[in-house]
file structure_3.txt (compact mmCIF, C-alpha atoms)
# COMPACT_ATOMS: atom_id res chain seq x y z
CA MET A 27 167.47 219.56 114.63
CA ILE A 28 169.43 217.55 112.07
CA ILE A 29 172.56 217.38 114.22
CA GLY A 30 170.48 216.48 117.29
CA ILE A 31 168.79 213.58 115.52
CA GLY A 32 172.14 212.53 114.07
CA VAL A 33 173.80 212.39 117.50
CA ILE A 34 170.89 210.48 119.07
CA THR A 35 170.82 208.02 116.20
CA PHE A 36 174.56 207.37 116.39
CA VAL A 37 174.47 206.84 120.16
CA LEU A 38 171.60 204.34 119.81
CA ARG A 39 173.58 202.47 117.16
CA PHE A 40 176.97 202.61 118.86
CA ALA A 41 176.26 202.14 122.58
CA PRO A 42 175.07 198.52 122.54
CA LEU A 43 177.78 197.50 120.07
CA ALA A 44 180.56 198.98 122.18
CA LEU A 45 179.24 198.25 125.68
CA LEU A 46 177.20 195.08 125.48
CA ALA A 47 180.22 192.83 125.46
CA ARG A 48 180.12 193.60 129.19
CA LEU A 49 176.48 194.59 129.78
CA GLU A 50 173.27 192.65 129.24
CA LEU A 51 169.96 194.31 128.30
CA ALA A 52 167.12 193.65 130.75
CA GLY A 53 164.71 190.94 129.56
CA TRP A 54 161.61 193.14 129.47
CA LEU A 55 163.50 195.77 127.48
CA GLN A 56 164.60 193.21 124.89
CA GLN A 57 161.02 191.93 124.70
CA GLY A 58 159.62 195.42 124.22
CA LEU A 59 162.16 196.40 121.58
CA ARG A 60 160.96 193.54 119.38
CA TYR A 61 157.66 195.38 118.87
CA VAL A 62 159.10 198.84 118.11
CA PRO A 63 159.54 198.41 114.31
CA ALA A 64 156.02 197.03 113.72
CA ALA A 65 154.32 199.62 115.96
CA VAL A 66 156.27 202.56 114.50
CA MET A 67 155.82 201.59 110.86
CA ALA A 68 152.07 201.05 111.28
CA ALA A 69 151.79 204.44 113.01
CA ILE A 70 153.54 206.09 110.05
CA ILE A 71 151.45 204.26 107.42
CA ALA A 72 147.98 204.79 108.84
CA PRO A 73 147.47 208.59 109.05
CA PRO A 74 148.08 209.44 105.35
CA LEU A 75 145.36 206.92 104.47
CA PHE A 76 142.78 208.93 106.41
CA PHE A 77 143.93 212.53 106.36
CA ALA A 78 144.46 214.73 103.40
CA VAL A 79 147.90 216.29 103.88
CA GLY A 80 147.63 219.06 106.47
CA ALA A 81 143.94 218.53 107.26
CA PRO A 82 143.14 218.18 110.95
CA ASN A 83 139.92 216.16 110.62
CA ILE A 84 139.55 212.48 109.88
CA VAL A 85 138.49 212.33 106.25
CA PRO A 86 138.62 208.77 104.96
CA ASP A 87 140.09 208.60 101.48
CA PRO A 88 138.59 205.46 99.83
CA PRO A 89 141.00 205.22 96.85
CA ARG A 90 144.01 205.41 99.19
CA MET A 91 142.59 202.87 101.65
CA ALA A 92 141.75 200.42 98.87
CA ALA A 93 145.12 200.84 97.17
CA ALA A 94 146.92 200.37 100.51
CA THR A 95 144.96 197.17 101.23
CA LEU A 96 145.88 195.84 97.80
CA ALA A 97 149.53 196.82 98.36
CA ALA A 98 149.56 194.95 101.69
CA LEU A 99 148.29 191.81 99.91
CA ILE A 100 150.97 192.21 97.23
CA ALA A 101 153.67 192.69 99.87
CA TRP A 102 152.45 189.59 101.68
CA ARG A 103 152.39 187.40 98.54
CA THR A 104 155.54 188.66 96.78
CA ARG A 105 157.74 190.16 99.55
CA SER A 106 158.89 192.59 96.86
CA THR A 107 159.19 196.30 97.64
CA LEU A 108 159.36 197.23 93.98
CA LEU A 109 156.15 195.36 93.04
CA THR A 110 154.36 196.73 96.12
CA VAL A 111 155.26 200.33 95.30
CA VAL A 112 154.65 200.14 91.54
CA LEU A 113 151.36 198.17 91.69
CA GLY A 114 150.15 200.20 94.69
CA MET A 115 150.74 203.45 92.81
CA LEU A 116 149.02 202.13 89.65
CA ALA A 117 146.08 200.97 91.77
CA LEU A 118 145.75 204.41 93.37
CA TRP A 119 145.75 206.19 89.99
CA ALA A 120 143.18 203.73 88.57
CA LEU A 121 140.92 204.12 91.62
CA GLN A 122 141.23 207.92 91.61
CA ALA A 123 140.26 207.97 87.92
CA LEU A 124 137.30 205.65 88.56
CA LEU A 125 136.00 207.24 91.76
CA GLY A 126 136.88 210.81 90.90
CA MET B 5 189.93 197.78 100.12
CA PRO B 6 190.93 194.68 102.10
CA GLN B 7 194.19 192.97 101.11
CA VAL B 8 193.82 189.49 102.60
CA PRO B 9 192.04 187.21 100.02
CA GLY B 10 189.47 185.92 102.54
CA GLU B 11 188.57 189.46 103.55
CA ARG B 12 188.26 190.61 99.97
CA ALA B 13 185.97 187.68 99.10
CA GLU B 14 183.74 188.56 102.05
CA PHE B 15 183.67 192.24 101.04
CA ILE B 16 182.62 191.32 97.50
CA ASP B 17 179.96 188.92 98.81
CA GLY B 18 178.64 191.84 100.85
CA LEU B 19 178.40 193.98 97.71
CA ARG B 20 176.57 191.14 95.97
CA ALA B 21 174.12 190.78 98.86
CA PHE B 22 173.33 194.47 98.48
CA LEU B 23 172.18 194.27 94.84
CA PRO B 24 168.62 192.93 95.35
CA MET B 25 168.21 195.35 98.27
CA SER B 26 168.85 198.38 96.10
CA MET B 27 165.30 197.82 94.79
CA SER B 28 163.90 198.83 98.16
CA ILE B 29 166.48 201.47 99.09
CA LEU B 30 166.27 203.49 95.86
CA PRO B 31 162.55 204.38 95.99
CA PHE B 32 162.69 205.02 99.73
CA GLY B 33 165.68 207.36 99.32
CA LEU B 34 163.97 209.19 96.47
CA VAL B 35 160.91 209.76 98.65
CA CYS B 36 163.02 210.91 101.61
CA GLY B 37 164.88 213.46 99.49
CA ALA B 38 161.71 214.75 97.87
CA ALA B 39 159.92 214.99 101.24
CA ALA B 40 162.80 216.97 102.74
CA SER B 41 162.95 219.52 99.96
CA ASN B 42 159.14 219.84 99.84
CA ALA B 43 159.03 220.40 103.62
CA GLY B 44 160.97 223.63 103.16
CA LEU B 45 164.45 222.46 104.11
CA THR B 46 167.23 223.94 102.00
CA THR B 47 169.14 221.68 99.63
CA GLY B 48 172.10 221.70 102.02
CA GLN B 49 169.92 220.75 104.99
CA SER B 50 168.21 217.99 103.02
CA LEU B 51 171.60 216.57 102.02
CA ALA B 52 172.89 216.83 105.58
CA MET B 53 169.93 214.79 106.84
CA SER B 54 170.97 211.86 104.68
CA TRP B 55 174.58 211.73 105.77
CA VAL B 56 174.26 212.97 109.36
CA ILE B 57 171.20 210.89 110.29
CA PHE B 58 171.27 208.11 107.63
CA ALA B 59 168.03 206.51 108.85
CA GLY B 60 165.09 206.69 106.44
CA SER B 61 162.15 206.26 108.81
CA ALA B 62 163.46 208.90 111.22
CA GLN B 63 164.24 211.26 108.31
CA ILE B 64 160.71 210.96 106.88
CA ALA B 65 158.99 211.33 110.24
CA SER B 66 161.09 214.30 111.33
CA THR B 67 160.61 216.15 108.02
CA GLN B 68 156.85 215.65 108.30
CA LEU B 69 156.87 216.91 111.90
CA PHE B 70 159.07 219.85 110.90
CA ALA B 71 156.69 220.75 108.06
CA GLY B 72 153.78 220.54 110.52
CA GLY B 73 155.48 223.00 112.87
CA ALA B 74 156.18 220.58 115.73
CA PRO B 75 158.51 221.79 118.53
CA LEU B 76 162.13 220.62 118.44
CA LEU B 77 161.75 218.44 121.55
CA VAL B 78 158.88 216.50 120.02
CA ILE B 79 160.86 215.96 116.82
CA LEU B 80 163.87 214.68 118.77
CA ALA B 81 161.73 212.43 120.98
CA THR B 82 159.94 210.96 117.96
CA ALA B 83 163.22 210.25 116.16
CA THR B 84 164.54 208.59 119.33
CA ILE B 85 161.53 206.27 119.57
CA ILE B 86 161.74 205.36 115.89
CA ASN B 87 165.44 204.55 116.18
CA LEU B 88 165.15 202.59 119.43
CA ARG B 89 165.24 199.47 117.25
CA PHE B 90 168.96 200.12 116.66
CA LEU B 91 169.53 199.27 120.34
CA MET B 92 168.14 195.83 119.60
CA TYR B 93 170.19 195.43 116.42
CA GLY B 94 173.37 196.63 118.12
CA ALA B 95 172.82 194.28 121.04
CA SER B 96 172.50 191.38 118.63
CA LEU B 97 175.51 192.39 116.50
CA SER B 98 177.72 192.90 119.57
CA GLN B 99 177.92 189.08 119.76
CA HIS B 100 179.85 189.11 116.47
CA PHE B 101 181.53 192.52 116.49
CA GLY B 102 182.15 193.06 120.22
CA GLY B 103 185.84 192.17 119.89
CA LEU B 104 186.69 194.59 117.06
CA SER B 105 188.54 197.88 117.46
CA ARG B 106 186.61 201.04 118.44
CA ARG B 107 187.15 202.44 114.94
CA TRP B 108 185.53 199.40 113.36
CA GLN B 109 182.67 199.54 115.85
CA ALA B 110 182.07 203.23 115.13
CA ALA B 111 181.96 202.55 111.37
CA ILE B 112 179.64 199.57 111.85
CA ALA B 113 177.37 201.64 114.10
CA TYR B 114 177.17 204.59 111.69
CA LEU B 115 176.30 202.29 108.77
CA LEU B 116 173.71 200.25 110.69
CA THR B 117 170.35 199.88 108.89
CA ASP B 118 167.42 197.46 109.05
CA GLN B 119 168.58 195.76 105.88
CA ALA B 120 172.28 195.52 106.80
CA PHE B 121 171.34 194.01 110.15
CA ALA B 122 168.92 191.46 108.71
CA LEU B 123 171.27 190.25 105.95
CA THR B 124 174.29 190.05 108.28
CA VAL B 125 172.36 187.84 110.70
CA VAL B 126 171.32 185.60 107.80
CA ARG B 127 174.95 185.43 106.62
CA ARG B 128 176.18 184.50 110.08
CA SER B 129 173.72 181.63 110.44
CA ALA B 130 174.69 180.37 106.96
CA ARG B 131 178.45 180.51 107.71
CA PRO B 132 178.98 180.37 111.47
CA GLU B 133 182.75 179.80 111.23
CA GLN B 134 183.65 182.59 108.79
CA PRO B 135 186.06 184.97 110.61
CA HIS B 136 185.70 188.02 108.32
CA LEU B 137 182.02 188.81 108.84
CA HIS B 138 182.84 192.50 109.41
CA TRP B 139 184.15 192.75 105.85
CA PHE B 140 180.91 191.26 104.52
CA TYR B 141 179.06 193.88 106.61
CA LEU B 142 181.25 196.69 105.29
CA GLY B 143 180.61 195.72 101.65
CA LEU B 144 176.88 195.45 102.24
CA ALA B 145 176.37 198.51 104.45
CA GLY B 146 178.87 200.66 102.53
CA ALA B 147 177.04 200.02 99.25
CA THR B 148 173.76 200.80 101.02
CA TRP B 149 175.18 204.15 102.17
CA VAL B 150 176.32 205.15 98.67
CA CYS B 151 172.97 204.11 97.18
CA TRP B 152 171.06 206.04 99.87
CA GLN B 153 173.03 209.25 99.27
CA LEU B 154 172.55 209.07 95.48
CA ALA B 155 168.84 208.30 95.83
CA THR B 156 168.19 211.19 98.24
CA ILE B 157 170.12 213.62 96.01
CA ALA B 158 167.95 212.52 93.06
CA GLY B 159 164.85 212.96 95.25
CA ILE B 160 165.89 216.47 96.32
CA LEU B 161 166.47 217.51 92.70
CA LEU B 162 163.35 215.86 91.23
CA GLY B 163 160.95 216.27 94.15
CA SER B 164 159.89 219.83 93.42
CA LEU B 165 159.29 219.10 89.72
CA VAL B 166 156.46 216.62 90.27
CA PRO B 167 152.95 218.15 90.67
CA PRO B 168 150.99 217.13 93.83
CA SER B 169 148.11 215.81 91.67
CA TRP B 170 150.26 212.76 90.89
CA SER B 171 149.86 211.71 94.56
CA LEU B 172 153.48 210.54 94.71
CA ASP B 173 153.46 211.15 98.48
CA PHE B 174 151.58 207.83 98.57
CA ILE B 175 154.93 206.11 97.90
CA VAL B 176 155.82 206.75 101.57
CA PRO B 177 153.09 204.53 103.06
CA LEU B 178 153.67 202.02 100.23
CA THR B 179 157.37 201.56 101.03
CA PHE B 180 156.50 201.19 104.71
CA ILE B 181 153.81 198.60 103.88
CA ALA B 182 156.43 196.63 101.95
CA MET B 183 158.74 196.71 104.99
CA LEU B 184 156.05 196.10 107.61
CA VAL B 185 154.14 193.14 106.16
CA PRO B 186 157.07 190.67 106.15
CA LEU B 187 157.75 191.57 109.81
CA LEU B 188 154.34 190.38 111.00
CA ALA B 189 155.41 186.84 111.84
CA THR B 190 153.43 186.43 115.09
CA ARG B 191 149.98 187.40 116.29
CA ALA B 192 151.52 189.62 118.95
CA LEU B 193 153.38 191.56 116.22
CA VAL B 194 150.16 191.93 114.20
CA PHE B 195 148.43 193.22 117.33
CA ALA B 196 151.27 195.70 118.00
CA ALA B 197 151.01 197.02 114.43
CA ALA B 198 147.20 197.21 114.48
CA THR B 199 147.26 199.12 117.78
CA GLY B 200 150.00 201.49 116.65
CA GLY B 201 148.22 202.22 113.37
CA SER B 202 144.77 202.82 114.88
CA ALA B 203 146.16 204.94 117.71
CA ALA B 204 148.06 207.15 115.25
CA VAL B 205 144.79 207.87 113.40
CA LEU B 206 142.42 208.19 116.35
CA LEU B 207 144.52 210.08 118.89
CA ALA B 208 144.33 213.82 118.50
CA LEU B 209 147.19 214.98 120.69
CA PRO B 210 148.68 218.47 120.74
CA LEU B 211 152.23 219.17 119.50
CA GLN B 212 152.12 216.20 117.12
CA LEU B 213 152.79 213.75 119.93
CA ASN B 214 150.61 211.18 118.09
CA LEU B 215 153.44 209.13 116.65
CA ILE B 216 155.24 208.71 119.99
CA ALA B 217 152.04 207.81 121.84
CA ALA B 218 150.94 205.42 119.09
CA ALA B 219 154.33 203.68 119.00
CA LEU B 220 154.40 203.22 122.79
CA LEU B 221 150.79 201.92 122.83
CA GLY B 222 151.64 199.51 120.00
CA VAL B 223 154.69 198.18 121.88
CA ALA B 224 152.62 197.76 125.07
CA ALA B 225 149.91 195.95 123.10
CA GLY B 226 152.48 193.60 121.55
CA MET B 227 154.03 192.78 124.92
CA ALA B 228 150.59 192.18 126.47
CA ALA B 229 149.58 189.93 123.57
CA GLU B 230 152.80 187.95 123.96
CA LYS B 231 152.06 187.42 127.67
CA LEU B 232 148.61 186.10 126.71
CA GLY B 233 150.14 183.55 124.35
CA GLY B 234 150.19 185.40 121.02
CA GLY B 235 153.96 185.17 120.62
CA ARG B 236 153.74 182.63 117.83

call {"tool": "encode", "arguments": {"input": "structure_3.txt", "output": "structure tokens"}}
result
Amino acid sequence: MIIGIGVITFVLRFAPLALLARLELAGWLQQGLRYVPAAVMAAIIAPPLFFAVGAPNIVPDPPRMAAATLAALIAWRTRSTLLTVVLGMLALWALQALLG
Amino acid sequence: MPQVPGERAEFIDGLRAFLPMSMSILPFGLVCGAAASNAGLTTGQSLAMSWVIFAGSAQIASTQLFAGGAPLLVILATATIINLRFLMYGASLSQHFGGLSRRWQAAIAYLLTDQAFALTVVRRSARPEQPHLHWFYLGLAGATWVCWQLATIAGILLGSLVPPSWSLDFIVPLTFIAMLVPLLATRALVFAAATGGSAAVLLALPLQLNLIAAALLGVAAGMAAEKLGGGR
């Protein structure tokens, strides 16, 4: 598994760099690739806000959702990863203590 | 180390550009290492992930899928989708690095990350005439690599010591929030993210295909929104 992912990742990184001096990516492909990071990151963020780890059913977790919303605001205002992570974590602990 | 003074100056500027970034790479690497060891990978396997794959988002997603018992093909397909963005980065960097030797290109490709790409593009637009951009890249991306390896090792060692009641797994979505929010520069991008996020929660697909489906739906939504005039 690790080697497989490693090979795929390297090919994706190397191919355009080595070949694109001669080849041009199709326009629709370039357009679509612009949306991959945003779509993927959102898809990774969202589920742990709703599911307890390993649970199959949608169980909203209010402290996590509130802390994540606050963290998004902090990220938007400060653009700082460190502040987002530290304040988001503190917010989660405070909310968990308050809401039980 | 480079010998020519201009190359050395560029290399050192690359190292300098890395410093503020270490603030985002350190916590993310810690989380990646901890997630790998908590998912049941051996210490050797967890270490190998960081130097063989060297891509945080794909490492996190594949460890989570592995822990959830997803089939190998689904894990590989998910990692491919997540790393498709490197095609875009490589295409953009080939304008600057297309004329270098194959050895340089292989090194640049292996070290390619979101952060190295973004800062190199910024550097190029600030100094369009500078001929040693690849040395700047090597300083920046090389320092990133070292920092990533140290952070994941620390995560592997410390991860199992922290009790689950501390909810430290929440650092994963937090680091992604910090990376995602600054990306949302247009309405089409916001729409792509909103669609991807909702789909990942609402879809209940077998074999943990959720992430792939959600990512593809998000991309389609972003492209559709751009067609309808949301590209600004």

call {"tool": "closest_residue", "arguments": {"input": "structure_3.txt", "among": "A:Ala123, A:Val37, A:Leu43, A:Ala93", "to": "chain B", "atoms": "only C-alpha atoms"}}
result
A:Leu43

call {"tool": "interface_residues", "arguments": {"input": "structure_3.txt", "of": "chain B", "to": "chain A", "cutoff": "7 Å", "atoms": "only C-alpha atoms", "output": "ChimeraX atom specification"}}
result
/B:27-28,53,56-57,76,80,83-84,86-92,94-95,97-98,102,109-110,113-114,116,175,177-182,184-187,193,196-198,200-201,204-205,215,218-219,222-223,226-227

call {"tool": "atom_distance", "arguments": {"input": "structure_3.txt", "atom1": "atom CA of A:Leu121", "atom2": "atom CA of B:Cys36"}}
result
25.2 Å

call {"tool": "residues_around", "arguments": {"input": "structure_3.txt", "residues": "stretch 18-26 of chain B", "least_positions_apart": "2", "cutoff": "6 Å", "atoms": "all atoms listed in the file", "output": "number ranges by chain"}}
result
B: 15-16, 28-30, 140, 143-144

call {"tool": "closest_residue", "arguments": {"input": "structure_3.txt", "among": "B:Ser164, B:Ser202, B:Thr148, B:Gln68", "to": "B:Ser41", "atoms": "all atoms listed in the file"}}
result
B:Ser164

call {"tool": "atom_distance", "arguments": {"input": "structure_3.txt", "atom1": "atom CA of B:Gln119", "atom2": "atom CA of B:Ser105"}}
result
23.2 Å

call {"tool": "atom_distance", "arguments": {"input": "structure_3.txt", "atom1": "atom CA of B:Thr199", "atom2": "atom CA of B:Leu34"}}
result
28.9 Å

call {"tool": "residues_near_point", "arguments": {"input": "structure_3.txt", "point": "(172.4, 220.9, 101.6)", "cutoff": "12 Å", "atoms": "only C-alpha atoms", "output": "list in words"}}
result
Ile28 of chain A; Gly37, Ala40, Ser41, Gly44, Leu45, Thr46, Thr47, Gly48, Gln49, Ser50, Leu51, Ala52, Met53, Ser54, Trp55, Val56, Gln153, Thr156, Ile157, Ile160 and Leu161 of chain B

call {"tool": "decode", "arguments": {"input": "structure_3.txt", "residues": "stretch 139-160 of chain B", "atoms": "C-alpha atoms", "output": "compact mmCIF listing (two decimals), in the first residue's frame"}}
result
# COMPACT_ATOMS: atom_id res chain seq x y z
CA TRP B 139 18.21 26.64 -5.79
CA PHE B 140 15.61 28.71 -3.95
CA TYR B 141 13.20 25.78 -4.40
CA LEU B 142 15.76 23.28 -3.13
CA GLY B 143 16.41 25.32 0.05
CA LEU B 144 12.70 25.73 0.70
CA ALA B 145 11.51 22.22 -0.19
CA GLY B 146 14.56 20.49 1.32
CA ALA B 147 13.98 22.20 4.68
CA THR B 148 10.30 21.24 4.43
CA TRP B 149 11.29 17.60 3.92
CA VAL B 150 13.60 17.54 6.97
CA CYS B 151 10.96 19.25 9.12
CA TRP B 152 8.27 16.81 7.94
CA GLN B 153 10.38 13.74 8.77
CA LEU B 154 11.24 15.04 12.26
CA ALA B 155 7.63 16.00 12.97
CA THR B 156 6.23 12.61 11.90
CA ILE B 157 8.86 10.76 13.96
CA ALA B 158 7.83 12.84 17.00
CA GLY B 159 4.17 12.07 16.22
CA ILE B 160 4.84 8.32 15.96
